[in-house]
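Raw contents of model36.txt, compact mmCIF, C-alpha atoms:
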# COMPACT_ATOMS: atom_id res chain seq x y z
CA MET Z 1057 9.16 28.14 -24.06
CA ILE Z 1058 8.19 24.93 -25.91
CA ARG Z 1059 9.87 21.98 -24.22
CA ARG Z 1060 8.39 18.86 -25.80
CA ILE Z 1061 5.98 17.83 -28.54
CA GLY Z 1062 4.50 14.33 -28.42
CA LEU Z 1063 2.50 12.97 -31.37
CA GLN Z 1064 0.47 9.77 -31.70
CA ASN Z 1065 -1.32 8.95 -34.96
CA PHE Z 1066 -1.09 12.62 -35.90
CA LYS Z 1067 -0.87 12.85 -39.68
CA VAL Z 1068 2.31 11.03 -40.77
CA TYR Z 1069 3.52 10.50 -37.19
CA LYS Z 1070 2.46 7.20 -35.65
CA LYS Z 1071 4.41 7.84 -32.43
CA GLN Z 1072 7.07 10.50 -32.14
CA GLU Z 1073 8.49 12.88 -29.56
CA PHE Z 1074 10.41 16.10 -30.16
CA LYS Z 1075 12.41 17.77 -27.39
CA LEU Z 1076 13.24 21.45 -27.77
CA GLU Z 1077 15.79 23.55 -25.93
CA ASP Z 1078 16.39 27.24 -25.38
CA GLY Z 1079 18.49 28.89 -28.06
CA SER Z 1080 18.03 28.20 -31.75
CA THR Z 1081 16.81 24.92 -33.23
CA VAL Z 1082 16.45 24.06 -36.90
CA ILE Z 1083 14.03 21.36 -38.01
CA VAL Z 1084 15.26 20.43 -41.44
CA GLY Z 1085 13.91 18.00 -44.01
CA PRO Z 1086 12.76 17.86 -47.63
CA ASN Z 1087 9.25 18.80 -48.64
CA GLY Z 1088 6.75 16.18 -47.47
CA SER Z 1089 8.92 15.01 -44.58
CA GLY Z 1090 6.50 16.17 -41.84
CA LYS Z 1091 7.86 19.64 -40.99
CA THR Z 1092 4.53 21.40 -41.44
CA SER Z 1093 2.83 18.76 -39.27
CA ILE Z 1094 5.00 19.85 -36.33
CA LEU Z 1095 3.91 23.48 -36.71
CA GLU Z 1096 0.29 22.39 -37.00
CA ALA Z 1097 0.65 20.30 -33.85
CA ILE Z 1098 1.94 23.34 -31.92
CA GLU Z 1099 -0.97 25.50 -33.04
CA PHE Z 1100 -3.50 22.75 -32.40
CA ALA Z 1101 -2.15 21.97 -28.93
CA PHE Z 1102 -2.36 25.59 -27.85
CA PHE Z 1103 -5.55 26.70 -29.58
CA LYS Z 1104 -7.50 23.65 -30.80
CA MET Z 1105 -7.41 24.86 -34.38
CA VAL Z 1106 -4.99 25.07 -37.28
CA THR Z 1107 -4.68 27.74 -39.96
CA ARG Z 1108 -3.42 27.07 -43.44
CA LYS Z 1109 -2.88 30.13 -45.64
CA GLU Z 1110 -5.16 32.24 -43.43
CA LYS Z 1111 -7.97 29.65 -43.56
CA LYS Z 1112 -8.90 27.55 -40.55
CA VAL Z 1113 -8.88 23.79 -41.04
CA ALA Z 1114 -12.55 22.84 -40.83
CA GLN Z 1115 -12.31 19.21 -39.72
CA VAL Z 1116 -9.57 18.34 -37.24
CA GLU Z 1117 -10.41 14.66 -37.79
CA GLU Z 1118 -8.28 14.87 -40.92
CA PHE Z 1119 -5.22 14.96 -38.67
CA ILE Z 1120 -5.85 11.37 -37.53
CA ASN Z 1121 -3.41 8.99 -39.19
CA HIS Z 1122 -5.31 6.76 -41.60
CA LYS Z 1123 -4.23 3.71 -39.60
CA GLY Z 1124 -5.31 5.07 -36.24
CA LYS Z 1125 -8.69 5.45 -34.50
CA ARG Z 1126 -7.63 8.58 -32.61
CA ALA Z 1127 -4.81 11.10 -32.55
CA VAL Z 1128 -3.07 12.55 -29.50
CA VAL Z 1129 -1.02 15.75 -29.35
CA GLU Z 1130 0.97 16.62 -26.22
CA LEU Z 1131 2.81 19.87 -25.74
CA GLU Z 1132 4.99 20.81 -22.78
CA PHE Z 1133 5.66 24.52 -22.44
CA THR Z 1134 6.83 27.12 -19.96
CA ALA Z 1135 4.06 29.61 -19.27
CA PRO Z 1136 5.21 33.24 -19.70
CA VAL Z 1137 2.95 34.51 -16.91
CA ASN Z 1138 4.37 32.39 -14.06
CA ARG Z 1139 7.39 30.53 -15.56
CA ARG Z 1140 5.92 27.15 -14.57
CA ASP Z 1141 5.97 24.13 -16.88
CA TYR Z 1142 2.69 22.72 -18.17
CA LEU Z 1143 1.54 19.85 -20.36
CA VAL Z 1144 -1.48 20.21 -22.58
CA ARG Z 1145 -2.91 17.01 -24.06
CA ARG Z 1146 -5.53 17.04 -26.80
CA THR Z 1147 -7.13 13.87 -28.14
CA ILE Z 1148 -8.93 13.79 -31.46
CA HIS Z 1149 -11.69 11.24 -31.93
CA PRO Z 1150 -13.93 11.22 -34.99
CA GLY Z 1151 -16.51 13.89 -34.21
CA GLU Z 1152 -15.03 14.81 -30.83
CA THR Z 1153 -11.98 16.47 -29.27
CA ASN Z 1154 -10.94 16.13 -25.62
CA ALA Z 1155 -8.41 18.19 -23.68
CA GLU Z 1156 -6.48 18.09 -20.39
CA LEU Z 1157 -3.96 20.49 -18.86
CA PHE Z 1158 -1.42 19.38 -16.25
CA GLU Z 1159 1.26 21.21 -14.35
CA VAL Z 1160 4.36 19.14 -15.09
CA GLY Z 1161 5.15 16.81 -12.20
CA LYS Z 1162 1.55 16.48 -11.01
CA LYS Z 1163 -0.58 13.42 -11.75
CA GLU Z 1164 -4.00 15.07 -11.66
CA PRO Z 1165 -4.95 17.55 -14.38
CA GLU Z 1166 -5.38 21.16 -13.37
CA VAL Z 1167 -8.33 21.56 -15.76
CA THR Z 1168 -10.17 19.22 -18.13
CA GLY Z 1169 -12.57 19.82 -20.99
CA VAL Z 1170 -11.92 21.69 -24.21
CA THR Z 1171 -13.44 25.03 -23.19
CA LYS Z 1172 -11.75 25.18 -19.78
CA VAL Z 1173 -8.39 24.17 -21.24
CA ASP Z 1174 -8.72 26.78 -23.99
CA GLU Z 1175 -9.42 29.49 -21.42
CA LYS Z 1176 -6.61 28.38 -19.11
CA ILE Z 1177 -4.02 28.35 -21.89
CA VAL Z 1178 -4.95 31.90 -22.88
CA ASP Z 1179 -4.45 32.88 -19.23
CA LEU Z 1180 -1.08 31.13 -19.03
CA LEU Z 1181 0.19 32.56 -22.31
CA GLY Z 1182 -1.22 35.99 -21.51
CA MET Z 1183 -2.61 36.19 -25.05
CA ASP Z 1184 -5.12 34.62 -27.42
CA ARG Z 1185 -4.44 32.83 -30.68
CA ASN Z 1186 -4.32 35.98 -32.81
CA ALA Z 1187 -1.85 37.70 -30.48
CA PHE Z 1188 0.33 34.57 -30.20
CA SER Z 1189 0.48 34.31 -33.98
CA ALA Z 1190 1.38 37.98 -34.39
CA LEU Z 1191 4.13 37.79 -31.75
CA THR Z 1192 5.74 34.46 -32.61
CA TYR Z 1193 5.10 33.28 -36.19
CA VAL Z 1194 6.88 34.32 -39.36
CA ARG Z 1195 4.98 32.23 -41.87
CA GLN Z 1196 6.23 30.90 -45.17
CA GLY Z 1197 5.99 33.45 -47.96
CA GLU Z 1198 5.55 36.54 -45.76
CA ILE Z 1199 9.13 37.75 -46.21
CA ASP Z 1200 9.07 37.22 -49.96
CA ARG Z 1201 5.69 38.98 -50.18
CA LEU Z 1202 7.01 42.06 -48.37
CA SER Z 1203 9.89 42.35 -50.82
CA ARG Z 1204 7.48 42.66 -53.77
CA LEU Z 1205 5.25 45.35 -52.26
CA ALA Z 1206 5.30 49.12 -52.66
CA PRO Z 1207 5.83 51.03 -49.37
CA LYS Z 1208 2.13 51.82 -48.82
CA SER Z 1209 1.14 48.22 -49.54
CA ARG Z 1210 3.98 47.04 -47.32
CA ARG Z 1211 2.53 49.09 -44.48
CA THR Z 1212 -0.90 47.51 -44.98
CA ASP Z 1213 0.63 44.04 -45.01
CA LEU Z 1214 2.57 44.77 -41.84
CA TYR Z 1215 -0.67 45.85 -40.17
CA SER Z 1216 -1.90 42.31 -40.65
CA MET Z 1217 1.38 40.81 -39.49
CA MET Z 1218 1.25 42.94 -36.33
CA GLY Z 1219 -2.10 41.37 -35.55
CA LEU Z 1220 -3.86 44.68 -36.16
CA GLY Z 1221 -5.97 43.17 -38.92
CA ILE Z 1222 -8.19 41.71 -36.19
CA TYR Z 1223 -9.50 45.23 -35.59
CA ASP Z 1224 -10.50 45.53 -39.24
CA LYS Z 1225 -12.37 42.25 -38.96
CA GLN Z 1226 -14.10 43.36 -35.78
CA SER Z 1227 -14.96 46.70 -37.37
CA SER Z 1228 -16.55 44.87 -40.31
CA LYS Z 1229 -18.59 42.75 -37.89
CA VAL Z 1230 -19.77 45.86 -36.05
CA GLN Z 1231 -20.68 47.48 -39.36
CA LYS Z 1232 -22.79 44.44 -40.23
CA GLU Z 1233 -24.54 44.72 -36.87
CA ILE Z 1234 -25.21 48.41 -37.50
CA ARG Z 1235 -26.74 47.57 -40.88
CA LYS Z 1236 -28.84 44.83 -39.29
CA MET Z 1237 -30.09 47.20 -36.58
CA ASP Z 1238 -30.98 49.81 -39.20
CA LYS Z 1239 -32.84 47.14 -41.15
CA ASP Z 1240 -34.68 46.03 -38.00
CA LEU Z 1241 -35.65 49.63 -37.20
CA LYS Z 1242 -37.00 50.07 -40.72
CA SER Z 1243 -38.94 46.80 -40.47
CA ILE Z 1244 -40.43 47.81 -37.10
CA ALA Z 1245 -41.42 51.21 -38.48
CA GLU Z 1246 -43.13 49.60 -41.47
CA SER Z 1247 -44.98 47.12 -39.22
CA THR Z 1248 -46.11 49.92 -36.91
CA LYS Z 1249 -47.35 51.99 -39.86
CA ARG Z 1250 -49.35 49.06 -41.29
CA LEU Z 1251 -50.95 48.32 -37.92
CA GLN Z 1252 -51.82 51.97 -37.40
CA GLU Z 1253 -53.49 52.02 -40.85
CA VAL Z 1254 -55.52 48.93 -39.93
CA GLN Z 1255 -56.39 50.48 -36.57
CA ALA Z 1256 -57.68 53.63 -38.30
CA HIS Z 1257 -60.26 51.55 -40.17
CA LEU Z 1258 -61.44 49.68 -37.08
CA PRO Z 1259 -64.01 51.02 -34.61
CA ALA Z 1260 -62.94 52.24 -31.20
CA LYS Z 1261 -63.54 50.08 -28.15
CA LYS Z 1262 -66.28 52.42 -26.89
CA GLU Z 1263 -68.05 52.07 -30.22
CA ILE Z 1264 -67.98 48.28 -29.90
CA THR Z 1265 -69.32 48.52 -26.34
CA ALA Z 1266 -72.12 50.77 -27.55
CA ALA Z 1267 -72.98 48.34 -30.37
CA LEU Z 1268 -73.20 45.43 -27.94
CA LYS Z 1269 -75.51 47.40 -25.61
CA ALA Z 1270 -77.73 48.32 -28.55
CA LEU Z 1271 -77.82 44.65 -29.59
CA ASP Z 1272 -78.85 43.66 -26.05
CA ALA Z 1273 -81.73 46.13 -26.19
CA ILE Z 1274 -82.88 44.89 -29.57
CA GLU Z 1275 -82.76 41.25 -28.47
CA GLU Z 1276 -85.25 41.97 -25.68
CA THR Z 1277 -87.89 42.82 -28.30
CA LEU Z 1278 -87.15 39.89 -30.60
CA PRO Z 1279 -89.01 36.57 -30.23
CA LYS Z 1280 -85.97 34.69 -31.68
CA LYS Z 1281 -82.32 35.61 -31.29
CA THR Z 1282 -80.97 33.64 -34.24
CA GLN Z 1283 -80.18 36.64 -36.41
CA SER Z 1284 -78.85 38.72 -33.53
CA LYS Z 1285 -76.52 35.89 -32.57
CA LYS Z 1286 -74.74 36.17 -35.90
CA VAL Z 1287 -74.47 39.92 -35.48
CA ARG Z 1288 -73.01 39.43 -32.02
CA GLU Z 1289 -70.38 37.02 -33.42
CA VAL Z 1290 -69.34 39.60 -36.00
CA ILE Z 1291 -69.04 42.29 -33.35
CA GLN Z 1292 -66.94 39.92 -31.18
CA LYS Z 1293 -64.59 39.22 -34.06
CA VAL Z 1294 -64.19 42.93 -34.73
CA SER Z 1295 -63.47 43.41 -31.01
CA GLU Z 1296 -60.83 40.67 -31.11
CA SER Z 1297 -59.18 42.36 -34.10
CA VAL Z 1298 -59.13 45.70 -32.28
CA ASN Z 1299 -57.53 44.06 -29.23
CA ALA Z 1300 -54.99 42.17 -31.34
CA VAL Z 1301 -53.87 45.32 -33.16
CA GLU Z 1302 -53.65 47.21 -29.87
CA GLU Z 1303 -51.60 44.42 -28.25
CA GLN Z 1304 -49.16 44.34 -31.16
CA LEU Z 1305 -48.73 48.11 -31.13
CA SER Z 1306 -48.09 48.10 -27.36
CA SER Z 1307 -45.81 45.03 -27.44
CA PRO Z 1308 -42.14 45.56 -26.42
CA GLU Z 1309 -41.05 44.66 -29.94
CA LEU Z 1310 -42.85 47.69 -31.39
CA SER Z 1311 -43.10 50.06 -28.43
CA THR Z 1312 -39.74 49.92 -26.62
CA ARG Z 1313 -37.45 47.99 -28.98
CA PRO Z 1314 -37.00 50.90 -31.45
CA GLU Z 1315 -35.49 53.11 -28.75
CA GLU Z 1316 -33.26 50.25 -27.58
CA LEU Z 1317 -32.09 49.68 -31.16
CA LYS Z 1318 -31.33 53.36 -31.60
CA GLU Z 1319 -29.21 53.35 -28.45
CA GLU Z 1320 -27.43 50.13 -29.46
CA SER Z 1321 -26.79 51.55 -32.91
CA GLU Z 1322 -25.20 54.69 -31.44
CA VAL Z 1323 -22.95 52.57 -29.19
CA ALA Z 1324 -21.99 50.36 -32.14
CA LYS Z 1325 -21.10 53.39 -34.26
CA TYR Z 1326 -18.89 54.71 -31.46
CA LEU Z 1327 -17.26 51.28 -31.12
CA LYS Z 1328 -16.58 51.18 -34.86
CA VAL Z 1329 -14.82 54.55 -34.67
CA LEU Z 1330 -12.59 53.16 -31.90
CA LEU Z 1331 -11.87 49.95 -33.84
CA ASP Z 1332 -10.96 51.99 -36.91
CA THR Z 1333 -8.66 54.22 -34.85
CA ILE Z 1334 -6.80 51.62 -32.75
CA PRO Z 1335 -4.63 50.16 -35.59
CA ASP Z 1336 -3.21 53.56 -36.53
CA VAL Z 1337 -2.52 54.47 -32.91
CA ALA Z 1338 -0.89 51.10 -32.20
CA GLU Z 1339 1.16 51.16 -35.38
CA ASN Z 1340 2.36 54.71 -34.70
CA GLN Z 1341 3.55 53.65 -31.25
CA LEU Z 1342 5.24 50.48 -32.52
CA ARG Z 1343 6.82 51.96 -35.64
CA PRO Z 1344 9.94 53.46 -33.98
CA HIS Z 1345 10.62 50.20 -32.15
CA ILE Z 1346 10.13 48.17 -35.33
CA ARG Z 1347 12.62 50.41 -37.15
CA GLU Z 1348 15.25 49.97 -34.44
CA GLU Z 1349 14.74 46.19 -34.25
CA ALA Z 1350 14.96 45.88 -38.07
CA ARG Z 1351 18.09 48.04 -38.13
CA SER Z 1352 19.76 45.87 -35.47
CA ILE Z 1353 18.91 42.60 -37.21
CA PHE Z 1354 20.01 43.86 -40.63
CA ARG Z 1355 23.35 45.14 -39.35
CA GLU Z 1356 24.04 41.76 -37.72
CA ILE Z 1357 23.58 40.06 -41.09
CA PHE Z 1358 24.90 42.71 -43.51
CA GLY Z 1359 27.22 44.77 -41.29
CA ASP Z 1360 30.13 43.80 -43.52
CA ARG Z 1361 28.57 45.59 -46.51
CA TYR Z 1362 26.24 48.26 -45.14
CA SER Z 1363 26.53 50.74 -42.30
CA ASP Z 1364 22.85 51.44 -41.76
CA LEU Z 1365 19.23 50.72 -42.64
CA VAL Z 1366 16.66 53.52 -42.48
CA ILE Z 1367 12.89 53.04 -42.64
CA ASP Z 1368 10.69 56.14 -42.78
CA ASP Z 1369 7.11 56.56 -41.52
CA ASP Z 1370 5.69 55.25 -44.81
CA TYR Z 1371 8.02 52.22 -44.77
CA GLU Z 1372 10.15 53.57 -47.57
CA ILE Z 1373 13.51 51.84 -47.09
CA ALA Z 1374 17.02 53.09 -47.75
CA LEU Z 1375 20.42 51.52 -47.16
CA TYR Z 1376 23.74 53.22 -46.46
CA ASP Z 1377 26.99 51.72 -47.59
CA LEU Z 1378 30.18 51.62 -45.50
CA GLN Z 1379 31.13 55.09 -46.79
CA GLY Z 1380 27.81 56.55 -45.63
CA ASN Z 1381 26.34 56.88 -49.13
CA ARG Z 1382 22.63 56.24 -49.52
CA VAL Z 1383 21.64 53.21 -51.60
CA SER Z 1384 17.98 52.82 -52.53
CA LEU Z 1385 16.44 49.43 -51.99
CA ALA Z 1386 15.63 49.27 -55.68
CA ALA Z 1387 19.35 49.57 -56.46
CA ALA Z 1388 20.33 46.84 -54.04
CA SER Z 1389 20.71 43.23 -55.09
CA GLY Z 1390 18.02 40.61 -54.55
CA GLY Z 1391 19.80 39.26 -51.49
CA GLU Z 1392 19.81 42.63 -49.77
CA ASP Z 1393 16.17 43.13 -50.68
CA VAL Z 1394 15.13 39.84 -49.06
CA CYS Z 1395 17.31 40.45 -46.03
CA VAL Z 1396 15.84 43.92 -45.47
CA ASN Z 1397 12.36 42.48 -45.53
CA PHE Z 1398 13.41 39.58 -43.33
CA SER Z 1399 14.73 42.09 -40.80
CA LEU Z 1400 11.56 44.16 -41.03
CA ARG Z 1401 9.29 41.13 -40.72
CA VAL Z 1402 11.09 39.69 -37.71
CA ALA Z 1403 11.31 43.16 -36.15
CA VAL Z 1404 7.51 43.19 -36.02
CA ASN Z 1405 7.62 40.10 -33.79
CA THR Z 1406 10.46 41.24 -31.58
CA ALA Z 1407 9.09 44.78 -31.15
CA LEU Z 1408 5.67 43.42 -30.25
CA GLN Z 1409 7.22 41.06 -27.71
CA ARG Z 1410 9.54 43.66 -26.23
CA HIS Z 1411 6.76 46.21 -25.81
CA SER Z 1412 3.90 43.88 -25.00
CA ILE Z 1413 1.46 45.40 -22.50
CA SER Z 1414 -0.71 42.32 -22.02
CA GLY Z 1415 1.91 40.40 -20.05
CA PRO Z 1416 5.38 38.82 -20.29
CA PRO Z 1417 6.46 38.09 -23.88
CA PRO Z 1418 6.38 34.46 -25.06
CA GLY Z 1419 10.10 34.65 -25.86
CA ILE Z 1420 9.87 32.43 -28.93
CA ILE Z 1421 9.95 33.07 -32.66
CA ILE Z 1422 9.01 30.41 -35.21
CA LEU Z 1423 10.45 30.89 -38.71
CA ASP Z 1424 8.85 28.88 -41.50
CA GLU Z 1425 11.24 28.66 -44.50
CA PRO Z 1426 12.96 32.00 -43.85
CA GLY Z 1427 16.00 31.75 -46.11
CA ALA Z 1428 14.54 31.96 -49.61
CA GLY Z 1429 16.41 34.47 -51.80
CA LEU Z 1430 19.54 34.63 -49.64
CA ASP Z 1431 22.94 33.15 -50.31
CA ALA Z 1432 24.18 30.35 -48.08
CA GLN Z 1433 26.32 32.65 -45.91
CA ARG Z 1434 23.44 35.03 -45.12
CA ARG Z 1435 21.07 32.17 -44.41
CA MET Z 1436 23.45 30.84 -41.80
CA TRP Z 1437 23.56 34.23 -40.10
CA LEU Z 1438 19.77 34.57 -39.76
CA PRO Z 1439 19.21 32.51 -36.59
CA GLU Z 1440 22.31 34.02 -34.96
CA ALA Z 1441 21.06 37.54 -35.65
CA ILE Z 1442 17.72 36.77 -34.02
CA ASN Z 1443 19.30 34.87 -31.17
CA LYS Z 1444 21.19 38.02 -30.18
CA LEU Z 1445 17.92 39.80 -29.47
CA ASP Z 1446 17.49 39.53 -25.72
CA VAL Z 1447 13.70 39.37 -25.91
CA VAL Z 1448 13.88 36.03 -27.74
CA LYS Z 1449 14.94 32.97 -25.75
CA GLN Z 1450 13.96 30.32 -28.29
CA VAL Z 1451 14.16 30.39 -32.08
CA LEU Z 1452 12.58 27.55 -34.04
CA VAL Z 1453 13.51 27.40 -37.74
CA VAL Z 1454 11.61 25.03 -40.00
CA THR Z 1455 13.23 24.60 -43.41
CA HIS Z 1456 14.25 22.29 -46.22
CA MET Z 1457 17.63 24.05 -46.56
CA GLU Z 1458 20.38 21.73 -45.40
CA GLU Z 1459 22.92 24.56 -45.06
CA LEU Z 1460 21.00 25.95 -42.10
CA LYS Z 1461 22.10 22.93 -40.07
CA GLY Z 1462 25.30 24.65 -39.09
CA SER Z 1463 23.67 27.93 -38.11
CA THR Z 1464 21.75 26.94 -34.98
CA ASP Z 1465 22.46 25.56 -31.53
CA HIS Z 1466 20.38 22.41 -32.12
CA VAL Z 1467 19.40 20.41 -35.19
CA ILE Z 1468 16.50 18.02 -35.73
CA SER Z 1469 16.67 16.23 -39.09
CA LEU Z 1470 13.64 14.55 -40.67
CA ILE Z 1471 14.52 11.77 -43.09
CA PRO Z 1472 11.59 10.53 -45.23
CA GLN Z 1473 10.92 6.78 -45.22
CA GLY Z 1474 8.35 6.69 -47.97
CA LYS Z 1475 4.96 8.22 -48.67
CA GLY Z 1476 2.64 8.07 -45.67
CA ARG Z 1477 5.33 6.66 -43.39
CA GLN Z 1478 6.78 8.31 -40.32
CA PRO Z 1479 10.14 9.99 -41.03
CA LEU Z 1480 13.29 8.99 -39.25
CA VAL Z 1481 14.23 11.67 -36.70
CA GLU Z 1482 17.86 12.45 -35.90
CA TYR Z 1483 19.25 14.94 -33.36
CA ASP Z 1484 22.59 16.69 -33.92

The structure given in the file should be rewritten as structure tokens.
Amino acid sequence: MIRRIGLQNFKVYKKQEFKLEDGSTVIVGPNGSGKTSILEAIEFAFFKMVTRKEKKVAQVEEFINHKGKRAVVELEFTAPVNRRDYLVRRTIHPGETNAELFEVGKKEPEVTGVTKVDEKIVDLLGMDRNAFSALTYVRQGEIDRLSRLAPKSRRTDLYSMMGLGIYDKQSSKVQKEIRKMDKDLKSIAESTKRLQEVQAHLPAKKEITAALKALDAIEETLPKKTQSKKVREVIQKVSESVNAVEEQLSSPELSTRPEELKEESEVAKYLKVLLDTIPDVAENQLRPHIREEARSIFREIFGDRYSDLVIDDDYEIALYDLQGNRVSLAAASGGEDVCVNFSLRVAVNTALQRHSISGPPPGIIILDEPGAGLDAQRRMWLPEAINKLDVVKQVLVVTHMEELKGSTDHVISLIPQGKGRQPLVEYD
């Protein structure tokens, strides 16, 4: 799916191009060699933002190499929705980001401008940033985290990894809106009550009219109207107060807005119920597929030692040895534990892609440091196990583990050249 990444003055890269093929590719290099920068460039090119440990990078200007005035990220990719090749180019200037999207082979951009490019990429991918992340990324630490969790906590964590956590966030936003609407209704009710109390102490309009007529009659008998003028001014001010209170009470904000707020609040409460229900429904539908995908991946890696992997509805995990005897996960060695959770974590991605209803699957999985806790032999089998899943056409492994070089179809090695300097890039 990803064909080429071009970087200019992006973090440590002054000018570098990476070409990617179908099949499995490992990008290997020691810590600080620029591996993470490649993943950030992919996310930035597609979605104009970068997440680090679940927090969005606030200022993209920090990606500009300290020796450059601007940074450029280019990404060529095959769109899942139409299988055509596109090039997205994003340029970072201090305080400004520009974007262009080309169909490969055409000189003129198909769309320009950040907003239009963002929208077009979502159309071409058939998914937004949250969905793309849930379907394609296995981030560093996620596999290890799963292995330390109890089954119920594991299920909660998998919710987030499936992308279902977005519904919890949206539900929280709706709940805040409901609270705000309730607060606004209370404020309107208090304002209406205060105005009604003031109105009760003011004379009626007919009483003011009568007072003015009486003053007119009195003035006809007075030689001087100085005193009556002051009385008339007082009556006019009282009349203005009566009108002002009446206008406020009949204003849309106090007269019709309460009913609108009540209706909006009812709709929001109904929406919150749906948002709270969707994750369970989605997870229930995906769970059988996740179990089968995890079982397939695990048997590819550990088929020489175990005959089966069983995951129940609460994500309690059991293994079966070659004689068919059950082995609890707690009784298994650390390597098996990590591999079970690797299989389960990747199965989330592959099951989501295989059963995607939004459009064609992206066909790519990106593994960020996936081999921690496994022996060298099992590490080498990881990409092969994933590569055998027909829903995945491209596997990108980013790691510092040199032994993974022999486990993939393609190898890109990053060789550090000193702090702040662009690494040497070698293809094997």

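Here atom CA of Ile1264 of chain Z stands at a distance of 8.1 Å from atom CA of Val1294 of chain Z.
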
For this session: Tell me which protein, DNA and RNA residues are within 9 Å of Val1402 of chain Z, counting all atoms listed in the file, leaving out same-chain ones fewer than 6 positions away, and put them as a PyMOL selection string.
Result: chain Z and resi 1193-1194+1199+1346+1349-1350+1353+1421+1423+1442

Exercise. Taking into account all atoms listed in the file, which residue in the set Z:Val1453, Z:Ile1234, Z:Val1084, Z:Ile1094 is nearest to Lys1325 of chain Z?
Worked result: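 Closest to Lys1325 of chain Z, using all atoms listed in the file: Z:Ile1234.
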
Exercise. Quick one: of Z:Glu1372, Z:Lys1239, Z:Cys1395, Z:Pro1086, who's nearest to Ala1206 of chain Z, counting only C-alpha atoms?
Worked result: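 Smallest distance to Ala1206 of chain Z is found for Z:Glu1372.
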
For this session: Please write as a PyMOL selection string the list of polymer residues whose atoms come within 10 Å of (-15.9, 51.4, -37.8), counting all atoms listed in the file and keeping to the coordinates of the file.
Result: chain Z and resi 1223-1231+1234+1324-1333

For this session: Rounded to one decimal place, report the atom CA of Glu1309 of chain Z-atom CA of Ile1244 of chain Z distance in Å.
Result: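 So the two atoms, atom CA of Glu1309 of chain Z and atom CA of Ile1244 of chain Z, lie 7.8 Å apart.
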
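Surrounding segment 1087-1091 of chain Z within 10 Å are Lys1067, Val1068, Tyr1069, Ile1083, Val1084, Ile1094, Leu1095, Glu1096, Asp1424, Val1454, Thr1455, His1456, Ser1469, Leu1470, Ile1471, Pro1472, Gln1473, Gly1474, Lys1475, Gly1476, Arg1477, Gln1478, Pro1479 and Leu1480 of chain Z, with all atoms listed in the file counted and residues fewer than 3 positions along the same chain left out.
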
For this session: Find, counting only C-alpha atoms, the residue in Z:Ser1295, Z:Asn1186, Z:Ser1399, Z:Thr1406 that gets nearest to Leu1438 of chain Z.
Result: Z:Ser1399

Exercise. Which residues come within 10 Å of segment 1369-1371 of chain Z, counting all atoms listed in the file, excluding same-chain residues fewer than 6 positions away, as a list in words?
Worked result: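 So, after excluding close chain neighbours, the residues are Ala1206, Pro1207, Lys1208, Ser1209, Arg1210, Arg1211, Leu1214, Asn1340, Arg1343, Pro1344, Arg1347 and Leu1400 of chain Z.
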
For this session: With a distance cut-off of 12 Å and all atoms listed in the file, select the neighbouring residues of Asp1360 of chain Z, excluding the residue or stretch itself and same-chain residues fewer than 2 positions from it, and output the selection as a list in words.
Result: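 With the cut-off at 12 Å, the set is Phe1354, Arg1355, Glu1356, Ile1357, Phe1358, Tyr1362, Ser1363, Asp1364, Tyr1376, Asp1377, Leu1378, Gln1379 and Arg1434 of chain Z.
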
Segment 1117-1136 of chain Z: axis-aligned bounding box, 5 Å on each side, centre and edge lengths in Å, one decimal, as AutoDock Vina command-line options:
--center_x -1.8 --center_y 18.5 --center_z -30.4 --size_x 27.2 --size_y 39.5 --size_z 32.3

Exercise. What is the atom CA of Leu1408 of chain Z-atom CA of Leu1342 of chain Z distance in Å, reported with one decimal?
Worked result: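 For atom CA of Leu1408 of chain Z relative to atom CA of Leu1342 of chain Z, the distance reads 7.4 Å.
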
For this session: May I ask which of the residues Z:Leu1143, Z:Val1394, Z:Ile1098, Z:Leu1385 is the closest one to Ser1189 of chain Z, counting only C-alpha atoms?
Result: Z:Ile1098

Seminar exercise, completed: Between Z:Val1301, Z:Val1451, Z:Val1366, Z:Ala1097, smallest distance to Leu1258 of chain Z by only C-alpha atoms belongs to Z:Val1301

Taking 5 positions as the minimum chain separation for residues in the same chain, which residues sit within 6 Å of Leu1375 of chain Z when counting all atoms listed in the file? Answer as a CSV table (one decimal) with C-alpha atoms, in the coordinates of the input.
chain,number,residue,atom,x,y,z
Z,1364,ASP,CA,22.8,51.4,-41.8
Z,1365,LEU,CA,19.2,50.7,-42.6
Z,1382,ARG,CA,22.6,56.2,-49.5
Z,1383,VAL,CA,21.6,53.2,-51.6

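Nearest to Ser1093 of chain Z of all the residues Z:Pro1136, Z:Gly1062, Z:Gly1427, Z:Gly1079 is Z:Gly1062, based on all atoms listed in the file.
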